[in-house]
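J.: This structure is in structure tokens; I'll ask about it shortly.
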Amino acid sequence: VLGIGKISSSDLLLKSPGIGVNYDVNLYNSDSSPSSVCTIKLTATYFPIKDSCPEIVLEETIPYTGSATTNIVDPLQMMSSLNPNRKRSRLSHTKMKFKVCVHIVKGYDLVGNHLNPVCSVTYKDTTLNTPIVKETSNPQFDHTLYFQEEGHPRELFEEFIEFKVFTAGKITKNLIGEFKYELGLVYEEEEHRILNQKLALTNPHSATVSGYLEVSVLVLGQEENSSSVKEMLRSSLPVPHQQASFTLSLYCAKDLPRMDLGAVQAMKKALGNRKVSKENVDAYLLFKFAGNEVRSEKCRNNTNPEFKQNLHLNFFYPSKCDSLQITLVDWDRMAKDDVIGTVTIPLSGISLLGENGFLPTFGPAWVNIYGAQRKWEFIDPKNNLLMNKGLINGCAYRGRILLELNTQLGITSNVQTSTISEETFNNIKPFRSTSEFMLICQFDQCFLQNEYTEQLEFEVSMGIFGNKEEKYKLSSLSCTNPLNPIYDGDKGYFLPWGKQKPLIMVQCEWEDVTYRLHAVNAISRITKRLQEDLNTLTSHIEAHEGNSELQEGLYHLDALKKQLIKEC
């Protein structure tokens, strides 16, 4: 690191959106001493978020039951849950006194053995600690810390409040995990407080969840009464939570890629660890939600494995976490397990809160897995690993899995996995049957190409069908004839197809889900037609603003149409 520089966002908020602010940023070393490297000149512009964001939903205190609770918030989720109507620019420019009250409730599922946890809270230059709790991974701190600060409100609220949990040794303290966010997030909440917030602690060295911490934070102004701080921090919240359990039925998978290349196969054969085969993938599945994880049994040496397993995961509903993560992994005896691909299912897309809502429910349905192209995995390992882990969009099909998700309220499971009976597995046979399809693609022209010394050809594939890397699935020609590009004398090169346009037809087999597409298309047409009628009605209302009776009738029809669209 050559140097570190900071700019204040308060200057941006004072300007109108889209107006740039010029900065001369001085760089500092990691020890806060001035760096002599350079000074950076930059222009920053603020653009408000147009889409509305949900407000933070607070949770009530839930007694710990011995398993990791799932109502965990990470920094990105907290930032995306901000009130869009906040205006820190309206805060006073004069210095004011503030009291920040932090109640450390408890920690649980801290990673490590023979722990003596202690929580450290830092705001600005002040650090306060809770008492040490001896020999436990689930410490009950129940300790309140107070910070007294004086300064400009906008600057104070842009400072971070940082939580760190250590295990205390005889001489030194070892970090277990940490979490931090802006104090302004607390001030912008109702009554300037966040109660019983569950934080996922992460270790910066391993980037994994290393435990959870439950805290309450309250910000008081100089005129506010602080006599009942503990009562305000401990008060119960109106959002009810219940214990619940996910059951992910993992039936089978298809078209998983052969992960071991020829050289790796030969080495394994020489060491006697595994027989050489065309199907070198030992797949298992990881089911993750809010820091909790369940792993299936592995299916050895099969690109179309039949898992026949139920994965059980306990949590509290409703939860702030919105992402169900499903990862397929290839087990390897000699090296680190390889990630085949990852898919994320948003909880908000398969459930609905409210009186007419429903619990998270999904399937049985096939879920496609996407990741990196295998032939490039050794060329660009970093981006390919991000694709396979689902952190960025994948560019290649890596197989599909047949899943079903059910949720039960008030019930928790004592086991993580169970076996699916043969009768149940046979009942989903209609979902496993396939039909033949034909992918047809005709090329018209190819121009404005760069100069190439080799012949060019185009491949058409769908999944593994038509993909030359999967030679055992090539049932038809999937590539155009190789041709040398010709210079057009002006802008680039083109392929001389002339009147004989290439036509590619790829035979493939897929599960027939056209009945679902028909329903989706019908609903889409209804929605589009209703929206067009609503736009027409709105135009009539605007055109007859002077006629009160007609306008009242149009408003009534407008309300009816909006209600109809909402119900659809």
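Every chain in the structure tokens takes a letter, A first, then B, and so on in the order presented; its residues are numbered from 1, and the ligands are numbered from 1 following the presented order.
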Could you name the residues that touch segment 122-131 of chain A at 12 Å or less, counting only C-alpha atoms, but leaving out those on the same chain fewer than 3 positions away, as a PDB file with N, CA and C atoms, in the first residue's frame?
T.:
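To be explicit, this is the file written out as selection.pdb:
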ATOM      1  N   LYS A  99     -24.443  11.421  23.584  1.00  0.00           N
ATOM      2  CA  LYS A  99     -24.104  10.241  24.370  1.00  0.00           C
ATOM      3  C   LYS A  99     -24.515   9.010  23.570  1.00  0.00           C
ATOM      4  N   VAL A 100     -23.560   8.096  23.372  1.00  0.00           N
ATOM      5  CA  VAL A 100     -23.810   6.850  22.668  1.00  0.00           C
ATOM      6  C   VAL A 100     -23.788   5.723  23.693  1.00  0.00           C
ATOM      7  N   CYS A 101     -24.907   5.030  23.819  1.00  0.00           N
ATOM      8  CA  CYS A 101     -25.045   3.941  24.787  1.00  0.00           C
ATOM      9  C   CYS A 101     -25.087   2.614  24.039  1.00  0.00           C
ATOM     10  N   VAL A 102     -24.202   1.704  24.394  1.00  0.00           N
ATOM     11  CA  VAL A 102     -24.097   0.404  23.731  1.00  0.00           C
ATOM     12  C   VAL A 102     -24.288  -0.689  24.773  1.00  0.00           C
ATOM     13  N   HIS A 103     -25.303  -1.507  24.571  1.00  0.00           N
ATOM     14  CA  HIS A 103     -25.555  -2.633  25.472  1.00  0.00           C
ATOM     15  C   HIS A 103     -25.167  -3.927  24.764  1.00  0.00           C
ATOM     16  N   ILE A 104     -24.128  -4.562  25.247  1.00  0.00           N
ATOM     17  CA  ILE A 104     -23.680  -5.846  24.695  1.00  0.00           C
ATOM     18  C   ILE A 104     -24.475  -6.943  25.387  1.00  0.00           C
ATOM     19  N   VAL A 105     -25.377  -7.575  24.659  1.00  0.00           N
ATOM     20  CA  VAL A 105     -26.276  -8.571  25.259  1.00  0.00           C
ATOM     21  C   VAL A 105     -25.553  -9.893  25.449  1.00  0.00           C
ATOM     22  N   LYS A 106     -25.130 -10.492  24.343  1.00  0.00           N
ATOM     23  CA  LYS A 106     -24.509 -11.816  24.431  1.00  0.00           C
ATOM     24  C   LYS A 106     -23.809 -12.140  23.127  1.00  0.00           C
ATOM     25  N   GLY A 107     -22.998 -13.159  23.170  1.00  0.00           N
ATOM     26  CA  GLY A 107     -22.393 -13.733  21.977  1.00  0.00           C
ATOM     27  C   GLY A 107     -22.704 -15.209  21.932  1.00  0.00           C
ATOM     28  N   ASN A 116     -12.089 -17.368  26.360  1.00  0.00           N
ATOM     29  CA  ASN A 116     -12.400 -16.412  27.418  1.00  0.00           C
ATOM     30  C   ASN A 116     -12.822 -15.108  26.738  1.00  0.00           C
ATOM     31  N   PRO A 117     -14.062 -15.028  26.249  1.00  0.00           N
ATOM     32  CA  PRO A 117     -14.445 -13.911  25.382  1.00  0.00           C
ATOM     33  C   PRO A 117     -14.522 -12.577  26.132  1.00  0.00           C
ATOM     34  N   VAL A 118     -14.142 -11.527  25.421  1.00  0.00           N
ATOM     35  CA  VAL A 118     -14.305 -10.162  25.872  1.00  0.00           C
ATOM     36  C   VAL A 118     -14.647  -9.330  24.641  1.00  0.00           C
ATOM     37  N   CYS A 119     -15.627  -8.428  24.780  1.00  0.00           N
ATOM     38  CA  CYS A 119     -16.069  -7.604  23.652  1.00  0.00           C
ATOM     39  C   CYS A 119     -15.481  -6.205  23.792  1.00  0.00           C
ATOM     40  N   LYS A 134     -15.421 -16.272  31.347  1.00  0.00           N
ATOM     41  CA  LYS A 134     -14.495 -17.398  31.346  1.00  0.00           C
ATOM     42  C   LYS A 134     -15.090 -18.654  30.698  1.00  0.00           C
ATOM     43  N   PRO A 139     -20.977 -16.489  25.463  1.00  0.00           N
ATOM     44  CA  PRO A 139     -20.901 -15.614  26.643  1.00  0.00           C
ATOM     45  C   PRO A 139     -22.145 -14.743  26.807  1.00  0.00           C
ATOM     46  N   GLN A 140     -22.590 -14.576  28.041  1.00  0.00           N
ATOM     47  CA  GLN A 140     -23.671 -13.660  28.391  1.00  0.00           C
ATOM     48  C   GLN A 140     -23.026 -12.404  28.980  1.00  0.00           C
ATOM     49  N   PHE A 141     -22.800 -11.391  28.120  1.00  0.00           N
ATOM     50  CA  PHE A 141     -22.105 -10.185  28.587  1.00  0.00           C
ATOM     51  C   PHE A 141     -23.032  -9.314  29.451  1.00  0.00           C
ATOM     52  N   ASP A 142     -24.186  -8.940  28.912  1.00  0.00           N
ATOM     53  CA  ASP A 142     -25.162  -8.100  29.618  1.00  0.00           C
ATOM     54  C   ASP A 142     -24.467  -6.897  30.266  1.00  0.00           C
ATOM     55  N   HIS A 143     -23.750  -6.141  29.422  1.00  0.00           N
ATOM     56  CA  HIS A 143     -22.953  -5.024  29.927  1.00  0.00           C
ATOM     57  C   HIS A 143     -23.195  -3.799  29.040  1.00  0.00           C
ATOM     58  N   THR A 144     -23.335  -2.623  29.673  1.00  0.00           N
ATOM     59  CA  THR A 144     -23.610  -1.386  28.943  1.00  0.00           C
ATOM     60  C   THR A 144     -22.390  -0.478  28.979  1.00  0.00           C
ATOM     61  N   LEU A 145     -22.032   0.070  27.808  1.00  0.00           N
ATOM     62  CA  LEU A 145     -20.903   0.978  27.652  1.00  0.00           C
ATOM     63  C   LEU A 145     -21.423   2.345  27.216  1.00  0.00           C
ATOM     64  N   TYR A 146     -20.750   3.410  27.666  1.00  0.00           N
ATOM     65  CA  TYR A 146     -21.188   4.772  27.357  1.00  0.00           C
ATOM     66  C   TYR A 146     -20.045   5.554  26.713  1.00  0.00           C
ATOM     67  N   PHE A 147     -20.388   6.272  25.636  1.00  0.00           N
ATOM     68  CA  PHE A 147     -19.431   7.145  24.968  1.00  0.00           C
ATOM     69  C   PHE A 147     -19.975   8.571  25.001  1.00  0.00           C
ATOM     70  N   GLN A 148     -19.146   9.531  25.421  1.00  0.00           N
ATOM     71  CA  GLN A 148     -19.497  10.939  25.402  1.00  0.00           C
ATOM     72  C   GLN A 148     -18.702  11.614  24.284  1.00  0.00           C
ATOM     73  N   GLU A 149     -19.407  12.279  23.332  1.00  0.00           N
ATOM     74  CA  GLU A 149     -18.740  12.916  22.212  1.00  0.00           C
ATOM     75  C   GLU A 149     -19.289  14.319  22.005  1.00  0.00           C
ATOM     76  N   GLU A 150     -18.440  15.187  21.487  1.00  0.00           N
ATOM     77  CA  GLU A 150     -18.833  16.541  21.140  1.00  0.00           C
ATOM     78  C   GLU A 150     -18.262  16.871  19.771  1.00  0.00           C
ATOM     79  N   GLY A 151     -19.105  17.399  18.878  1.00  0.00           N
ATOM     80  CA  GLY A 151     -18.652  17.738  17.537  1.00  0.00           C
ATOM     81  C   GLY A 151     -19.818  18.044  16.633  1.00  0.00           C
ATOM     82  N   GLU A 155     -20.502  14.975  11.046  1.00  0.00           N
ATOM     83  CA  GLU A 155     -19.211  14.297  11.119  1.00  0.00           C
ATOM     84  C   GLU A 155     -19.254  13.144  12.113  1.00  0.00           C
ATOM     85  N   LEU A 156     -19.932  13.363  13.248  1.00  0.00           N
ATOM     86  CA  LEU A 156     -20.012  12.299  14.245  1.00  0.00           C
ATOM     87  C   LEU A 156     -20.751  11.080  13.708  1.00  0.00           C
ATOM     88  N   PHE A 157     -21.820  11.309  12.940  1.00  0.00           N
ATOM     89  CA  PHE A 157     -22.637  10.197  12.466  1.00  0.00           C
ATOM     90  C   PHE A 157     -22.006   9.473  11.285  1.00  0.00           C
ATOM     91  N   GLU A 158     -20.985  10.043  10.686  1.00  0.00           N
ATOM     92  CA  GLU A 158     -20.272   9.341   9.622  1.00  0.00           C
ATOM     93  C   GLU A 158     -19.122   8.504  10.157  1.00  0.00           C
ATOM     94  N   GLU A 159     -18.862   8.633  11.453  1.00  0.00           N
ATOM     95  CA  GLU A 159     -17.847   7.795  12.075  1.00  0.00           C
ATOM     96  C   GLU A 159     -18.402   6.394  12.299  1.00  0.00           C
ATOM     97  N   PHE A 160     -17.503   5.413  12.270  1.00  0.00           N
ATOM     98  CA  PHE A 160     -17.915   4.023  12.448  1.00  0.00           C
ATOM     99  C   PHE A 160     -17.855   3.634  13.921  1.00  0.00           C
ATOM    100  N   ILE A 161     -18.829   2.827  14.320  1.00  0.00           N
ATOM    101  CA  ILE A 161     -18.770   2.173  15.617  1.00  0.00           C
ATOM    102  C   ILE A 161     -18.392   0.720  15.358  1.00  0.00           C
ATOM    103  N   GLU A 162     -17.353   0.257  16.016  1.00  0.00           N
ATOM    104  CA  GLU A 162     -16.745  -1.036  15.686  1.00  0.00           C
ATOM    105  C   GLU A 162     -16.815  -1.973  16.877  1.00  0.00           C
ATOM    106  N   PHE A 163     -17.281  -3.199  16.600  1.00  0.00           N
ATOM    107  CA  PHE A 163     -17.388  -4.239  17.621  1.00  0.00           C
ATOM    108  C   PHE A 163     -16.344  -5.313  17.318  1.00  0.00           C
ATOM    109  N   LYS A 164     -15.554  -5.669  18.321  1.00  0.00           N
ATOM    110  CA  LYS A 164     -14.585  -6.750  18.185  1.00  0.00           C
ATOM    111  C   LYS A 164     -14.715  -7.677  19.383  1.00  0.00           C
ATOM    112  N   VAL A 165     -14.650  -8.973  19.114  1.00  0.00           N
ATOM    113  CA  VAL A 165     -14.688  -9.978  20.179  1.00  0.00           C
ATOM    114  C   VAL A 165     -13.349 -10.699  20.186  1.00  0.00           C
ATOM    115  N   PHE A 166     -12.696 -10.707  21.346  1.00  0.00           N
ATOM    116  CA  PHE A 166     -11.402 -11.356  21.519  1.00  0.00           C
ATOM    117  C   PHE A 166     -11.547 -12.510  22.505  1.00  0.00           C
ATOM    118  N   THR A 167     -10.572 -13.398  22.467  1.00  0.00           N
ATOM    119  CA  THR A 167     -10.412 -14.351  23.548  1.00  0.00           C
ATOM    120  C   THR A 167      -9.173 -13.934  24.320  1.00  0.00           C
ATOM    121  N   ALA A 168      -9.347 -13.745  25.616  1.00  0.00           N
ATOM    122  CA  ALA A 168      -8.275 -13.192  26.437  1.00  0.00           C
ATOM    123  C   ALA A 168      -7.336 -14.305  26.894  1.00  0.00           C
ATOM    124  N   GLU A 178     -15.111  -9.480  14.058  1.00  0.00           N
ATOM    125  CA  GLU A 178     -15.428  -8.063  14.200  1.00  0.00           C
ATOM    126  C   GLU A 178     -16.577  -7.680  13.289  1.00  0.00           C
ATOM    127  N   PHE A 179     -17.161  -6.504  13.581  1.00  0.00           N
ATOM    128  CA  PHE A 179     -18.272  -5.971  12.789  1.00  0.00           C
ATOM    129  C   PHE A 179     -18.307  -4.459  13.033  1.00  0.00           C
ATOM    130  N   LYS A 180     -18.614  -3.678  11.986  1.00  0.00           N
ATOM    131  CA  LYS A 180     -18.692  -2.230  12.172  1.00  0.00           C
ATOM    132  C   LYS A 180     -19.702  -1.631  11.199  1.00  0.00           C
ATOM    133  N   TYR A 181     -20.285  -0.483  11.606  1.00  0.00           N
ATOM    134  CA  TYR A 181     -21.180   0.270  10.735  1.00  0.00           C
ATOM    135  C   TYR A 181     -21.232   1.714  11.227  1.00  0.00           C
ATOM    136  N   GLU A 182     -21.787   2.601  10.368  1.00  0.00           N
ATOM    137  CA  GLU A 182     -21.862   4.014  10.708  1.00  0.00           C
ATOM    138  C   GLU A 182     -22.830   4.242  11.867  1.00  0.00           C
ATOM    139  N   LEU A 183     -22.462   5.170  12.761  1.00  0.00           N
ATOM    140  CA  LEU A 183     -23.371   5.507  13.849  1.00  0.00           C
ATOM    141  C   LEU A 183     -24.641   6.164  13.312  1.00  0.00           C
TER     142      LEU A 183
END
J.: Grab the atom CA of Glu306 of chain A to atom CA of Trp366 of chain A distance for me, in Å with one decimal place.
T.: 13.5 Å
J.: Rounded to one decimal, what separation in Å do you get between atom CA of Met462 of chain A and atom CA of Cys508 of chain A?
T.: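 Rounded to one decimal, the two atoms are 7.8 Å apart.
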J.: Grab the atom CA of Leu448 of chain A to atom CA of Pro482 of chain A distance for me, in Å with one decimal place.
T.: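 So the answer is 17.4 Å.
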J.: Restricting the calculation to only C-alpha atoms, which member of A:Thr514, A:Asn450, A:Thr480, A:Asn393 is positioned closest to Lys501 of chain A?
T.: A:Thr480
J.: Give me, as number ranges by chain, all polymer residues having an atom no more than 8 Å from Trp510 of chain A, counting only C-alpha atoms and skipping those fewer than 2 positions away in the same chain.
T.: A: 434-437, 508, 512
J.: Near segment 494-500 of chain A, within 8 Å and counting only C-alpha atoms, which residues show up once chain neighbours fewer than 5 positions away are dropped, as a VMD selection string?
T.: chain A and resid 445 to 449 483 to 488
J.: Could you turn the residues from that selection into a file that holds N, CA, C and O atoms, as an mmCIF file, in the first residue's frame?
T.:
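Printed below is selection37.cif as written:
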data_model
loop_
_atom_site.group_PDB
_atom_site.id
_atom_site.type_symbol
_atom_site.label_atom_id
_atom_site.label_comp_id
_atom_site.auth_asym_id
_atom_site.auth_seq_id
_atom_site.Cartn_x
_atom_site.Cartn_y
_atom_site.Cartn_z
ATOM 1 N N GLN A 445 -24.590 -12.954 -41.216
ATOM 2 C CA GLN A 445 -23.315 -12.396 -41.650
ATOM 3 C C GLN A 445 -22.423 -12.146 -40.447
ATOM 4 O O GLN A 445 -22.890 -12.019 -39.323
ATOM 5 N N CYS A 446 -21.132 -12.066 -40.702
ATOM 6 C CA CYS A 446 -20.136 -11.787 -39.683
ATOM 7 C C CYS A 446 -19.148 -10.781 -40.261
ATOM 8 O O CYS A 446 -18.467 -11.073 -41.254
ATOM 9 N N PHE A 447 -19.078 -9.607 -39.681
ATOM 10 C CA PHE A 447 -18.230 -8.556 -40.234
ATOM 11 C C PHE A 447 -17.617 -7.744 -39.101
ATOM 12 O O PHE A 447 -17.874 -7.991 -37.919
ATOM 13 N N LEU A 448 -16.770 -6.781 -39.460
ATOM 14 C CA LEU A 448 -16.047 -5.921 -38.516
ATOM 15 C C LEU A 448 -15.207 -6.742 -37.536
ATOM 16 O O LEU A 448 -15.077 -6.415 -36.357
ATOM 17 N N GLN A 449 -14.627 -7.819 -38.055
ATOM 18 C CA GLN A 449 -13.746 -8.643 -37.240
ATOM 19 C C GLN A 449 -12.326 -8.105 -37.271
ATOM 20 O O GLN A 449 -11.913 -7.412 -38.203
ATOM 21 N N LEU A 483 -13.502 -20.911 -41.797
ATOM 22 C CA LEU A 483 -13.216 -20.038 -42.935
ATOM 23 C C LEU A 483 -12.173 -19.006 -42.545
ATOM 24 O O LEU A 483 -12.074 -18.610 -41.377
ATOM 25 N N ASN A 484 -11.405 -18.552 -43.550
ATOM 26 C CA ASN A 484 -10.449 -17.481 -43.327
ATOM 27 C C ASN A 484 -11.138 -16.135 -43.517
ATOM 28 O O ASN A 484 -11.826 -15.917 -44.518
ATOM 29 N N PRO A 485 -10.998 -15.202 -42.569
ATOM 30 C CA PRO A 485 -11.598 -13.878 -42.728
ATOM 31 C C PRO A 485 -10.973 -13.128 -43.907
ATOM 32 O O PRO A 485 -9.780 -13.279 -44.203
ATOM 33 N N ILE A 486 -11.782 -12.315 -44.580
ATOM 34 C CA ILE A 486 -11.339 -11.527 -45.740
ATOM 35 C C ILE A 486 -11.460 -10.048 -45.396
ATOM 36 O O ILE A 486 -12.461 -9.610 -44.822
ATOM 37 N N TYR A 487 -10.446 -9.278 -45.765
ATOM 38 C CA TYR A 487 -10.439 -7.842 -45.494
ATOM 39 C C TYR A 487 -11.410 -7.146 -46.444
ATOM 40 O O TYR A 487 -11.402 -7.398 -47.655
ATOM 41 N N ASP A 488 -12.250 -6.269 -45.883
ATOM 42 C CA ASP A 488 -13.242 -5.582 -46.715
ATOM 43 C C ASP A 488 -12.719 -4.302 -47.341
ATOM 44 O O ASP A 488 -13.451 -3.586 -48.028
#
